[in-house]
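Below is upload_8.txt, which holds compact mmCIF, C-alpha atoms.
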```
# COMPACT_ATOMS: atom_id res chain seq x y z
CA MET A 1 44.83 0.29 24.61
CA THR A 2 44.75 -1.88 27.71
CA ASN A 3 44.12 1.11 29.91
CA TYR A 4 40.94 0.06 31.71
CA ARG A 5 40.10 3.52 32.97
CA GLU A 6 40.23 4.83 29.44
CA ILE A 7 38.02 1.97 28.18
CA ALA A 8 35.47 2.64 30.92
CA TRP A 9 35.50 6.39 30.23
CA GLN A 10 35.03 5.74 26.50
CA GLY A 11 32.11 3.34 26.98
CA LEU A 12 30.28 5.16 29.74
CA TRP A 13 30.66 8.75 28.63
CA LYS A 14 33.03 9.99 25.96
CA ASN A 15 32.11 7.52 23.24
CA ASN A 16 28.77 6.32 24.66
CA PRO A 17 27.08 4.13 22.03
CA GLY A 18 23.69 5.74 22.63
CA LEU A 19 24.61 9.39 23.09
CA VAL A 20 27.69 9.87 20.94
CA GLN A 21 27.95 7.05 18.42
CA LEU A 22 24.14 7.16 18.02
CA LEU A 23 24.16 3.46 17.23
CA GLY A 24 21.22 1.17 17.80
CA LEU A 25 18.71 4.00 17.63
CA CYS A 26 15.93 1.70 16.48
CA PRO A 27 15.58 -0.25 19.75
CA LEU A 28 16.61 2.84 21.70
CA LEU A 29 13.59 4.74 20.48
CA ALA A 30 11.15 1.89 20.13
CA VAL A 31 11.25 0.03 23.43
CA THR A 32 12.01 2.80 25.89
CA ALA A 33 8.39 3.57 26.72
CA THR A 34 8.93 2.00 30.17
CA VAL A 35 11.95 1.51 32.39
CA THR A 36 11.35 -2.24 32.55
CA ASN A 37 11.47 -2.73 28.80
CA ALA A 38 14.48 -0.45 28.52
CA LEU A 39 16.35 -2.35 31.21
CA GLY A 40 15.41 -5.71 29.69
CA LEU A 41 16.63 -4.81 26.22
CA GLY A 42 19.69 -3.07 27.65
CA LEU A 43 20.71 -6.15 29.61
CA ALA A 44 20.10 -8.43 26.62
CA THR A 45 22.28 -6.16 24.48
CA LEU A 46 24.93 -6.07 27.19
CA ILE A 47 25.11 -9.87 27.38
CA VAL A 48 25.39 -10.16 23.62
CA LEU A 49 27.99 -7.40 23.50
CA VAL A 50 30.23 -8.99 26.14
CA GLY A 51 29.79 -12.44 24.61
CA SER A 52 30.52 -11.32 21.06
CA ASN A 53 33.53 -9.25 22.14
CA ILE A 54 34.99 -12.26 23.99
CA LEU A 55 34.39 -14.68 21.12
CA VAL A 56 35.64 -12.29 18.45
CA SER A 57 38.75 -11.56 20.49
CA LEU A 58 39.35 -15.29 21.01
CA VAL A 59 39.18 -16.13 17.32
CA ARG A 60 40.82 -12.95 16.00
CA GLU A 61 44.13 -14.73 15.28
CA TYR A 62 42.49 -17.47 13.23
CA VAL A 63 40.14 -15.45 11.06
CA PRO A 64 41.62 -14.16 7.79
CA LYS A 65 40.95 -10.47 7.14
CA GLU A 66 38.81 -11.08 4.04
CA ILE A 67 36.15 -13.13 5.80
CA ARG A 68 36.17 -11.49 9.23
CA ILE A 69 32.87 -9.61 8.76
CA PRO A 70 30.78 -12.68 7.85
CA VAL A 71 32.37 -14.59 10.73
CA PHE A 72 31.60 -11.78 13.19
CA VAL A 73 28.02 -11.55 11.93
CA MET A 74 27.62 -15.28 12.36
CA ILE A 75 28.95 -15.18 15.93
CA ILE A 76 26.66 -12.26 16.82
CA ALA A 77 23.61 -13.86 15.22
CA ALA A 78 24.25 -17.12 17.08
CA LEU A 79 24.64 -15.29 20.39
CA VAL A 80 21.49 -13.22 19.88
CA THR A 81 19.52 -16.36 19.06
CA CYS A 82 20.79 -18.01 22.23
CA VAL A 83 19.90 -14.99 24.37
CA GLN A 84 16.48 -14.88 22.73
CA LEU A 85 15.88 -18.56 23.49
CA LEU A 86 17.00 -18.09 27.09
CA ILE A 87 14.74 -15.07 27.64
CA ASN A 88 11.91 -16.96 25.99
CA ALA A 89 12.44 -19.81 28.43
CA TYR A 90 13.15 -17.91 31.65
CA ALA A 91 11.46 -14.49 31.29
CA TYR A 92 8.49 -15.19 29.06
CA GLY A 93 6.62 -12.00 30.00
CA LEU A 94 9.60 -9.89 28.99
CA TYR A 95 9.95 -11.91 25.79
CA LEU A 96 6.38 -11.00 24.90
CA SER A 97 6.81 -7.31 25.63
CA LEU A 98 10.15 -6.89 23.84
CA GLY A 99 8.74 -8.67 20.80
CA ILE A 100 10.61 -8.17 17.56
CA PHE A 101 13.31 -5.96 19.13
CA LEU A 102 14.97 -8.92 20.77
CA PRO A 103 16.04 -10.67 17.54
CA LEU A 104 16.75 -7.22 16.09
CA ILE A 105 19.72 -6.89 18.47
CA VAL A 106 21.56 -8.66 15.63
CA THR A 107 21.26 -5.51 13.56
CA ASN A 108 22.40 -3.23 16.38
CA CYS A 109 25.52 -1.60 14.97
CA VAL A 110 27.05 -1.20 18.43
CA ILE A 111 27.80 -4.90 18.49
CA ILE A 112 29.40 -5.35 15.08
CA GLY A 113 31.05 -1.95 15.58
CA ARG A 114 32.78 -2.99 18.80
CA ALA A 115 33.69 -6.38 17.34
CA GLU A 116 35.38 -4.74 14.36
CA ALA A 117 36.85 -1.66 16.04
CA PHE A 118 37.97 -3.08 19.36
CA ALA A 119 37.61 -6.80 19.98
CA SER A 120 39.35 -7.88 16.77
CA ARG A 121 42.46 -5.93 17.81
CA ASN A 122 42.69 -6.50 21.56
CA ASN A 123 43.15 -9.32 24.03
CA VAL A 124 40.24 -11.15 25.62
CA THR A 125 40.11 -9.38 28.98
CA SER A 126 40.17 -5.86 27.61
CA ALA A 127 37.67 -6.85 24.89
CA ALA A 128 35.33 -8.26 27.54
CA PHE A 129 35.74 -5.12 29.63
CA ASP A 130 35.08 -2.93 26.60
CA GLY A 131 31.90 -4.92 25.85
CA LEU A 132 30.80 -4.56 29.46
CA MET A 133 31.40 -0.81 29.56
CA MET A 134 29.78 -0.16 26.18
CA GLY A 135 26.85 -2.32 27.27
CA VAL A 136 26.50 -0.52 30.59
CA GLY A 137 26.68 2.84 28.80
CA PHE A 138 23.99 1.77 26.33
CA THR A 139 21.79 0.31 29.07
CA ALA A 140 22.14 3.47 31.15
CA ILE A 141 20.93 5.64 28.27
CA LEU A 142 18.03 3.25 27.62
CA VAL A 143 17.01 3.34 31.28
CA VAL A 144 17.27 7.13 31.59
CA LEU A 145 15.24 7.55 28.42
CA GLY A 146 12.73 4.93 29.60
CA GLY A 147 12.45 6.67 32.97
CA MET A 148 11.82 10.07 31.39
CA ARG A 149 9.17 8.74 29.03
CA GLU A 150 7.43 6.53 31.56
CA LEU A 151 7.29 9.30 34.13
CA LEU A 152 5.96 11.88 31.67
CA GLY A 153 3.74 9.45 29.84
CA GLN A 154 1.94 7.56 32.57
CA GLY A 155 3.32 8.90 35.85
CA THR A 156 4.89 5.63 36.97
CA LEU A 157 8.33 4.07 37.24
CA PHE A 158 9.15 0.37 36.92
CA ASP A 159 5.66 -0.47 35.68
CA GLY A 160 5.65 -4.17 34.82
CA ALA A 161 8.93 -4.90 36.60
CA GLU A 162 7.56 -8.36 37.39
CA LEU A 163 7.90 -9.26 33.71
CA LEU A 164 11.67 -8.91 34.04
CA LEU A 165 12.40 -9.92 37.61
CA GLY A 166 9.62 -12.28 38.65
CA ASP A 167 6.48 -11.83 40.72
CA TRP A 168 8.16 -10.30 43.78
CA ALA A 169 9.06 -7.24 41.70
CA SER A 170 5.48 -6.09 41.18
CA SER A 171 5.89 -4.09 44.40
CA LEU A 172 8.71 -2.12 42.73
CA THR A 173 6.25 -0.17 40.62
CA ILE A 174 6.15 3.43 41.81
CA GLN A 175 3.10 5.54 41.08
CA VAL A 176 4.66 9.00 41.12
CA PHE A 177 1.46 10.78 40.18
CA ASN A 178 -1.89 9.81 38.73
CA VAL A 179 -2.94 10.68 35.22
CA ASP A 180 -6.34 10.13 33.68
CA THR A 181 -5.18 10.52 30.12
CA PRO A 182 -1.53 9.70 29.60
CA PHE A 183 0.75 12.23 27.92
CA LEU A 184 0.78 10.61 24.50
CA LEU A 185 3.75 12.45 23.05
CA ALA A 186 6.07 10.94 25.63
CA MET A 187 4.90 7.41 24.87
CA LEU A 188 5.03 7.57 21.08
CA PRO A 189 8.26 7.47 19.04
CA PRO A 190 8.38 11.26 18.39
CA GLY A 191 8.60 11.77 22.15
CA ALA A 192 11.53 9.39 22.21
CA PHE A 193 13.31 11.48 19.56
CA ILE A 194 12.71 14.67 21.53
CA ALA A 195 13.86 13.14 24.82
CA MET A 196 16.92 11.72 23.07
CA GLY A 197 17.73 15.15 21.64
CA LEU A 198 17.44 16.69 25.11
CA LEU A 199 19.77 14.07 26.56
CA ILE A 200 22.38 14.68 23.85
CA ALA A 201 22.07 18.42 24.43
CA LEU A 202 22.54 17.89 28.16
CA LYS A 203 25.66 15.84 27.56
CA ASN A 204 27.08 18.53 25.30
CA VAL A 205 26.39 21.20 27.92
CA ILE A 206 28.20 19.16 30.56
CA ASP A 207 31.11 18.54 28.18
CA ASP A 208 31.31 22.26 27.45
CA LYS A 209 31.36 23.06 31.16
CA ILE A 210 34.20 20.60 31.72
CA GLU A 211 36.00 22.00 28.72
CA GLN A 212 35.58 25.57 29.96
CA ARG A 213 36.81 24.77 33.44
CA LYS A 214 40.10 23.32 32.21
CA PRO A 215 41.58 26.38 30.43
CA GLN A 216 40.28 28.65 33.21
CA GLN A 217 42.30 26.75 35.76
CA GLU A 218 45.37 27.03 33.57
CA ALA A 219 44.72 30.75 33.02
CA GLU A 220 44.47 31.32 36.75
CA ILE A 221 47.77 29.62 37.32
CA ILE A 222 49.39 31.69 34.62
CA ALA A 223 47.83 34.89 35.98
CA ARG A 224 49.08 34.14 39.42
CA ALA A 225 52.47 33.30 38.06
CA ARG A 226 52.62 36.64 36.37
CA ILE A 227 51.60 38.47 39.50
CA THR A 228 54.28 36.79 41.54
CA LYS A 229 56.73 37.66 38.86
CA VAL A 230 55.71 41.29 38.96
CA GLY A 231 55.62 41.28 42.76
CA MET B 232 44.59 -17.73 -5.24
CA PHE B 233 42.42 -20.81 -5.42
CA ASN B 234 44.01 -22.09 -2.25
CA ILE B 235 43.09 -18.96 -0.34
CA ILE B 236 39.47 -19.19 -1.45
CA THR B 237 39.31 -22.84 -0.42
CA ARG B 238 40.88 -22.09 2.92
CA ASN B 239 38.56 -19.15 3.63
CA GLY B 240 35.57 -21.20 2.54
CA LEU B 241 36.55 -23.97 4.92
CA ILE B 242 37.07 -21.55 7.81
CA LEU B 243 33.65 -19.99 7.15
CA ALA B 244 32.07 -23.43 7.04
CA LEU B 245 33.77 -24.34 10.31
CA PHE B 246 32.42 -21.21 12.01
CA ALA B 247 28.96 -21.81 10.60
CA LEU B 248 29.10 -25.32 12.02
CA CYS B 249 30.18 -24.12 15.47
CA CYS B 250 27.56 -21.36 15.59
CA THR B 251 24.82 -23.72 14.47
CA GLY B 252 25.98 -26.21 17.06
CA LEU B 253 25.79 -23.55 19.78
CA VAL B 254 22.27 -22.46 18.80
CA ALA B 255 21.12 -26.07 18.42
CA SER B 256 22.34 -27.02 21.88
CA VAL B 257 20.77 -23.97 23.56
CA ASN B 258 17.57 -24.73 21.67
CA PHE B 259 17.74 -28.33 22.87
CA PHE B 260 18.10 -27.31 26.52
CA THR B 261 15.46 -24.57 26.48
CA GLY B 262 12.94 -26.15 24.08
CA ASP B 263 10.86 -27.97 26.69
CA ARG B 264 10.80 -25.00 29.00
CA ILE B 265 9.67 -22.67 26.23
CA ILE B 266 6.79 -24.97 25.30
CA GLU B 267 5.89 -25.21 28.99
CA GLN B 268 5.98 -21.39 29.32
CA GLN B 269 3.75 -20.93 26.30
CA ARG B 270 1.32 -23.49 27.64
CA LYS B 271 1.30 -21.81 31.04
CA GLN B 272 0.71 -18.41 29.45
CA LEU B 273 -2.17 -19.81 27.40
CA ALA B 274 -3.62 -21.65 30.39
CA GLY B 275 -3.43 -18.43 32.41
CA VAL B 276 -5.40 -16.52 29.78
CA LEU B 277 -7.92 -19.34 29.38
CA GLU B 278 -8.50 -19.48 33.11
CA GLN B 279 -9.41 -15.80 33.10
CA ILE B 280 -12.16 -16.26 30.54
CA ILE B 281 -13.43 -19.68 31.60
CA PRO B 282 -13.00 -20.01 35.37
CA ASN B 283 -11.49 -23.30 36.49
CA HIS B 284 -14.45 -24.30 38.63
CA LEU B 285 -16.68 -24.56 35.55
CA HIS B 286 -14.75 -27.41 33.96
CA ASP B 287 -12.62 -30.40 34.91
CA ASN B 288 -10.61 -30.94 31.72
CA GLU B 289 -7.30 -29.41 30.67
CA LEU B 290 -8.36 -26.72 28.19
CA THR B 291 -5.00 -26.57 26.43
CA ASP B 292 -5.37 -30.27 25.59
CA ASP B 293 -8.86 -29.99 24.18
CA CYS B 294 -8.77 -27.79 21.16
CA ILE B 295 -9.82 -27.69 17.53
CA LEU B 296 -9.01 -25.33 14.69
CA VAL B 297 -11.62 -23.40 12.74
CA THR B 298 -11.43 -20.99 9.84
CA ASN B 299 -14.16 -18.50 9.16
CA LYS B 300 -13.30 -15.22 7.47
CA GLU B 301 -16.75 -13.69 7.84
CA PHE B 302 -17.28 -14.21 11.57
CA LEU B 303 -13.80 -14.68 12.98
CA GLY B 304 -12.08 -12.07 10.85
CA SER B 305 -9.19 -14.12 9.52
CA ASP B 306 -8.26 -16.49 6.71
CA GLU B 307 -6.08 -18.38 9.12
CA ALA B 308 -7.22 -21.28 11.25
CA LEU B 309 -7.88 -20.09 14.80
CA PRO B 310 -7.93 -22.34 17.85
CA VAL B 311 -11.09 -23.11 19.79
CA TYR B 312 -10.81 -24.66 23.27
CA ILE B 313 -13.61 -26.73 24.68
CA ALA B 314 -14.32 -26.80 28.40
CA LYS B 315 -15.95 -29.98 29.67
CA MET B 316 -17.45 -31.02 32.97
CA ASN B 317 -17.88 -34.78 33.41
CA GLN B 318 -17.20 -35.22 29.69
CA GLN B 319 -20.07 -32.85 28.82
CA PRO B 320 -19.09 -29.67 26.96
CA VAL B 321 -20.03 -26.63 29.03
CA ALA B 322 -18.24 -23.71 27.43
CA ILE B 323 -16.07 -22.66 24.53
CA ALA B 324 -13.04 -20.42 24.38
CA ILE B 325 -12.57 -19.05 20.90
CA GLU B 326 -9.95 -16.82 19.36
CA ALA B 327 -11.17 -14.13 16.98
CA ILE B 328 -9.72 -11.20 15.12
CA ALA B 329 -11.10 -7.68 14.86
CA PRO B 330 -9.72 -6.75 11.44
CA ASP B 331 -10.87 -3.12 11.63
CA GLY B 332 -8.91 -1.81 14.61
CA TYR B 333 -7.41 1.67 14.50
CA ASN B 334 -4.05 0.20 13.63
CA GLY B 335 -4.56 -3.25 12.16
CA ASP B 336 -5.76 -6.51 13.62
CA ILE B 337 -6.78 -6.92 17.23
CA LYS B 338 -6.59 -10.53 18.30
CA ILE B 339 -8.93 -11.44 21.11
CA ILE B 340 -10.02 -14.58 22.92
CA LEU B 341 -13.43 -15.00 24.46
CA GLY B 342 -15.21 -17.56 26.59
CA VAL B 343 -18.84 -18.44 25.86
CA ASN B 344 -21.08 -20.82 27.81
CA ASN B 345 -23.94 -22.96 26.50
CA ASN B 346 -26.45 -20.13 26.98
CA SER B 347 -24.41 -17.87 24.67
CA GLU B 348 -23.39 -15.75 27.59
CA LEU B 349 -19.99 -14.06 27.31
CA LEU B 350 -17.98 -15.37 30.27
CA GLY B 351 -15.02 -13.12 29.61
CA VAL B 352 -12.87 -11.63 26.90
CA ARG B 353 -9.17 -10.71 26.77
CA THR B 354 -6.93 -9.04 24.22
CA LEU B 355 -4.12 -11.25 22.93
CA THR B 356 -2.26 -8.96 20.54
CA HIS B 357 -2.87 -5.48 19.13
CA GLN B 358 -1.09 -2.37 17.88
CA GLU B 359 -3.59 0.25 19.02
CA THR B 360 -2.37 3.69 20.06
CA PRO B 361 -0.60 3.58 23.43
CA GLY B 362 -2.55 5.56 26.00
CA LEU B 363 -5.77 5.61 23.98
CA GLY B 364 -6.68 2.38 22.24
CA ASP B 365 -4.58 0.19 24.50
CA LYS B 366 -7.22 0.35 27.22
CA ILE B 367 -8.36 -2.96 25.75
CA GLU B 368 -5.45 -4.47 27.70
CA LEU B 369 -6.35 -5.56 31.21
CA ARG B 370 -3.00 -4.15 32.40
CA LYS B 371 -4.07 -0.66 31.34
CA SER B 372 -7.77 -0.61 32.08
CA ASP B 373 -10.51 -2.90 33.31
CA TRP B 374 -12.76 -2.04 30.38
CA VAL B 375 -12.74 -5.63 29.08
CA LEU B 376 -14.15 -6.79 32.42
CA SER B 377 -17.24 -4.65 31.84
CA LEU B 378 -18.03 -6.75 28.80
CA SER B 379 -18.39 -10.02 30.71
CA GLY B 380 -21.92 -11.26 31.15
CA ILE B 381 -23.21 -10.00 27.82
CA GLN B 382 -25.94 -12.25 26.54
CA TYR B 383 -26.12 -13.04 22.84
CA ASP B 384 -29.61 -13.15 21.41
CA PRO B 385 -29.97 -13.73 17.64
CA ASN B 386 -33.39 -12.04 17.63
CA ASP B 387 -32.21 -8.91 19.38
CA LYS B 388 -30.19 -6.18 17.70
CA PRO B 389 -26.45 -6.78 18.06
CA MET B 390 -24.72 -5.01 20.94
CA ALA B 391 -22.89 -1.82 20.13
CA VAL B 392 -20.96 1.01 21.72
CA LYS B 393 -22.99 3.99 22.98
CA LYS B 394 -21.92 6.15 20.08
CA ASP B 395 -23.62 3.68 17.73
CA GLY B 396 -26.78 3.55 19.86
CA GLY B 397 -25.84 0.55 21.99
CA ASP B 398 -25.22 0.06 25.70
CA ILE B 399 -21.48 -0.59 25.80
CA ASP B 400 -19.37 2.15 27.37
CA GLN B 401 -16.64 3.22 25.04
CA PHE B 402 -13.57 4.64 26.74
CA THR B 403 -12.32 8.21 26.61
CA GLY B 404 -10.47 9.21 23.51
CA ALA B 405 -11.12 6.20 21.33
CA THR B 406 -14.16 5.12 19.35
CA ILE B 407 -12.77 3.01 16.55
CA THR B 408 -10.99 0.56 18.82
CA PRO B 409 -13.99 -0.32 21.07
CA ARG B 410 -16.28 -0.44 18.04
CA ALA B 411 -14.03 -2.93 16.26
CA TYR B 412 -13.67 -4.88 19.48
CA VAL B 413 -17.39 -5.11 20.14
CA ASN B 414 -18.12 -6.06 16.54
CA ALA B 415 -15.59 -8.87 16.73
CA ILE B 416 -17.26 -10.14 19.91
CA ASN B 417 -20.69 -9.98 18.24
CA ASN B 418 -19.48 -11.96 15.27
CA ALA B 419 -17.72 -14.54 17.38
CA LEU B 420 -20.76 -14.96 19.63
CA SER B 421 -23.06 -15.51 16.70
CA PHE B 422 -20.56 -17.90 15.16
CA VAL B 423 -20.52 -19.95 18.34
CA ALA B 424 -24.32 -19.85 18.64
CA ASP B 425 -24.76 -21.12 15.08
CA ASN B 426 -22.07 -23.77 15.15
CA ARG B 427 -22.01 -24.98 18.73
CA GLU B 428 -22.99 -28.59 17.97
CA SER B 429 -20.51 -29.02 15.16
CA LEU B 430 -17.74 -27.45 17.25
CA TYR B 431 -18.48 -29.86 20.10
CA ASN B 432 -18.49 -32.80 17.73
CA THR B 433 -15.23 -32.02 15.96
CA VAL B 434 -12.33 -34.31 16.75
CA ASN B 435 -9.62 -32.88 19.00
CA HIS B 436 -6.85 -31.32 16.85
CA CYS B 437 -4.21 -30.38 19.37
CA GLY B 438 -3.16 -31.15 22.88
CA ARG B 439 -0.39 -33.04 24.53
CA GLU B 440 -0.96 -36.42 22.93
CA HIS B 441 -1.01 -34.88 19.44
CA ASP B 442 2.10 -32.75 19.75
```

Take the structure in the file and write it out as structure tokens.
Amino acid sequence: MTNYREIAWQGLWKNNPGLVQLLGLCPLLAVTATVTNALGLGLATLIVLVGSNILVSLVREYVPKEIRIPVFVMIIAALVTCVQLLINAYAYGLYLSLGIFLPLIVTNCVIIGRAEAFASRNNVTSAAFDGLMMGVGFTAILVVLGGMRELLGQGTLFDGAELLLGDWASSLTIQVFNVDTPFLLAMLPPGAFIAMGLLIALKNVIDDKIEQRKPQQEAEIIARARITKVG
Amino acid sequence: MFNIITRNGLILALFALCCTGLVASVNFFTGDRIIEQQRKQLAGVLEQIIPNHLHDNELTDDCILVTNKEFLGSDEALPVYIAKMNQQPVAIAIEAIAPDGYNGDIKIILGVNNNSELLGVRTLTHQETPGLGDKIELRKSDWVLSLSGIQYDPNDKPMAVKKDGGDIDQFTGATITPRAYVNAINNALSFVADNRESLYNTVNHCGREHD
């Protein structure tokens, strides 16, 4: 299980926490109205995920099986509180716009899931890498979803980027097109469900294509082999 | 059996101690900065509704708490900031709640000068519909700016949105939100007009020296 390519493939695509495991749907659907919020929550989740995977992997030898879950929960809760305090201190605007979903990272099943399924059974480096890849995969889905909804909903991208990155980032906001009345469906939670469904469908289509291509290649080889045999 | 329970209990306690220690130390190092950020945020909002050139005191240090369910819309004590020029009170910033928004409370803050003129109003928190009711945010629309300069007159009929026969422009797609908003401003303005002297004479509740 120390195959890093496999870990990366699992986190980014095959077992993506957002698209396949469907974990952490609550923040996924609630804060992805803009790219900035999505990126902010994604990065916060990523930091917690890497941190909790490292800590859980470090202490895995010393924690008896019976009490591992409460210990993991405690570690995750402490990390989330620290991240929350840091965002509160250094990115106050983002803290205000993420609101309740920041402390709710504690309840994101991706984190306890990775702690239990991977970090508690693997060494520190691969656990950290797994946390990073799962976090990047989750963040990517959040950002794509945020981009879709922001573009459809209000015709912009990176609106409010200065909340996350400081004042210089206000120039990052792209007004793709102007809307008088925003497309409400995209901005409300039902729109998030629909966009999420489309993304999952898209992933399945791509997977099917890849799946189809594989046997075809084999079939061709076999066909050719037969021809040569006949010839 | 008993030994295992004791051992597990001790390990749990040890982890709890470490985690608490971690959170406590991060809290210790970020605490001052968080308070500073909150103060800056508040000062930024206050400056928008009472321009800095009107007063020479630090608004965030000169505040009192008032509770008035009927006019301020909440059972909770809400802060009032007093702007002074040469020790003379010149304007008041008051927080108020519109309890009848489309989706719950809308918390606003407004600045009022001694002539009961509305210097400015901003939305602090709300849960109005994104895209419709959220035009009360300055980020989304400059509707709140159109409210500045309103003059409160106890003898005149209270201001209202156009749909209710008043002069205030409501914005497209929402009636309930602007109506609730304007009513909250009316109530707060009349509260300030009726209680200005007692507000000015109340002893400072908050501020740096009372933290």

Interface list for chain B, partner chain A, 10 Å threshold, only C-alpha atoms, as a PDB file with C-alpha atoms, keeping the file's coordinate frame:
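What follows is the written file selection34.pdb:
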```pdb
ATOM      1  CA  ILE B 235      43.090 -18.960  -0.340  1.00  0.00           C
ATOM      2  CA  ILE B 236      39.470 -19.190  -1.450  1.00  0.00           C
ATOM      3  CA  ARG B 238      40.880 -22.090   2.920  1.00  0.00           C
ATOM      4  CA  ASN B 239      38.560 -19.150   3.630  1.00  0.00           C
ATOM      5  CA  GLY B 240      35.570 -21.200   2.540  1.00  0.00           C
ATOM      6  CA  ILE B 242      37.070 -21.550   7.810  1.00  0.00           C
ATOM      7  CA  LEU B 243      33.650 -19.990   7.150  1.00  0.00           C
ATOM      8  CA  ALA B 244      32.070 -23.430   7.040  1.00  0.00           C
ATOM      9  CA  LEU B 245      33.770 -24.340  10.310  1.00  0.00           C
ATOM     10  CA  PHE B 246      32.420 -21.210  12.010  1.00  0.00           C
ATOM     11  CA  ALA B 247      28.960 -21.810  10.600  1.00  0.00           C
ATOM     12  CA  CYS B 249      30.180 -24.120  15.470  1.00  0.00           C
ATOM     13  CA  CYS B 250      27.560 -21.360  15.590  1.00  0.00           C
ATOM     14  CA  THR B 251      24.820 -23.720  14.470  1.00  0.00           C
ATOM     15  CA  GLY B 252      25.980 -26.210  17.060  1.00  0.00           C
ATOM     16  CA  LEU B 253      25.790 -23.550  19.780  1.00  0.00           C
ATOM     17  CA  VAL B 254      22.270 -22.460  18.800  1.00  0.00           C
ATOM     18  CA  ALA B 255      21.120 -26.070  18.420  1.00  0.00           C
ATOM     19  CA  SER B 256      22.340 -27.020  21.880  1.00  0.00           C
ATOM     20  CA  VAL B 257      20.770 -23.970  23.560  1.00  0.00           C
ATOM     21  CA  ASN B 258      17.570 -24.730  21.670  1.00  0.00           C
ATOM     22  CA  PHE B 259      17.740 -28.330  22.870  1.00  0.00           C
ATOM     23  CA  PHE B 260      18.100 -27.310  26.520  1.00  0.00           C
ATOM     24  CA  THR B 261      15.460 -24.570  26.480  1.00  0.00           C
ATOM     25  CA  GLY B 262      12.940 -26.150  24.080  1.00  0.00           C
ATOM     26  CA  ASP B 263      10.860 -27.970  26.690  1.00  0.00           C
ATOM     27  CA  ARG B 264      10.800 -25.000  29.000  1.00  0.00           C
ATOM     28  CA  ILE B 265       9.670 -22.670  26.230  1.00  0.00           C
ATOM     29  CA  ILE B 266       6.790 -24.970  25.300  1.00  0.00           C
ATOM     30  CA  GLU B 267       5.890 -25.210  28.990  1.00  0.00           C
ATOM     31  CA  GLN B 268       5.980 -21.390  29.320  1.00  0.00           C
ATOM     32  CA  GLN B 269       3.750 -20.930  26.300  1.00  0.00           C
ATOM     33  CA  LYS B 271       1.300 -21.810  31.040  1.00  0.00           C
ATOM     34  CA  GLN B 272       0.710 -18.410  29.450  1.00  0.00           C
ATOM     35  CA  THR B 356      -2.260  -8.960  20.540  1.00  0.00           C
ATOM     36  CA  THR B 360      -2.370   3.690  20.060  1.00  0.00           C
ATOM     37  CA  PRO B 361      -0.600   3.580  23.430  1.00  0.00           C
ATOM     38  CA  GLY B 362      -2.550   5.560  26.000  1.00  0.00           C
ATOM     39  CA  LEU B 363      -5.770   5.610  23.980  1.00  0.00           C
ATOM     40  CA  ARG B 370      -3.000  -4.150  32.400  1.00  0.00           C
ATOM     41  CA  THR B 403     -12.320   8.210  26.610  1.00  0.00           C
ATOM     42  CA  GLY B 404     -10.470   9.210  23.510  1.00  0.00           C
TER      43      GLY B 404
END
```

Nearest to A:Leu164, chosen from A:Ile7, A:Leu199, A:Leu94, A:Leu23, with all atoms listed in the file counted in the distances: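 Among the listed residues, the smallest separation from A:Leu164 belongs to A:Leu94.
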
Option closest in space to B:Ala322, from B:Arg410, B:Lys393, B:Lys388, B:His284 [counting all atoms listed in the file]: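 Of B:Arg410, B:Lys393, B:Lys388, B:His284, the one nearest B:Ala322, counting all atoms listed in the file, is B:His284.
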
Spatial neighbours of A:Met134, 10 Å, all atoms listed in the file, chain gap at least 2 places, as an MDAnalysis selection string: chainID A and resid 7:13 15:18 45:46 49:50 110:111 114 128:132 136:140

B:Ile281 environment, 9 Å, only C-alpha atoms, sequence neighbours closer than 6 positions dropped, as a ChimeraX atom specification: /B:314,322-324,341-344,350-351

Coordinates-based distance that separates atom CA of B:Leu355 from atom CA of B:Glu368 (Å, one decimal):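 These atoms are spaced 8.4 Å apart.
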
Selection near stretch 298-307 of chain B, 6 Å with all atoms listed in the file, sequence-local residues under 2 positions removed, as a PyMOL selection string: chain B and resi 327-328+330+418-419

C-alpha atoms of the current selection, written as a short mmCIF file (atom, residue, chain, number, x, y, z; two decimals), keeping the file's coordinate frame:
```
data_model
loop_
_atom_site.label_atom_id
_atom_site.label_comp_id
_atom_site.auth_asym_id
_atom_site.auth_seq_id
_atom_site.Cartn_x
_atom_site.Cartn_y
_atom_site.Cartn_z
CA ALA B 327 -11.17 -14.13 16.98
CA ILE B 328 -9.72 -11.20 15.12
CA PRO B 330 -9.72 -6.75 11.44
CA ASN B 418 -19.48 -11.96 15.27
CA ALA B 419 -17.72 -14.54 17.38
#
```

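Considering only C-alpha atoms, the residue among A:Ala127, A:Val106, A:Leu198, A:Leu28 positioned nearest to A:Tyr4 is A:Ala127.
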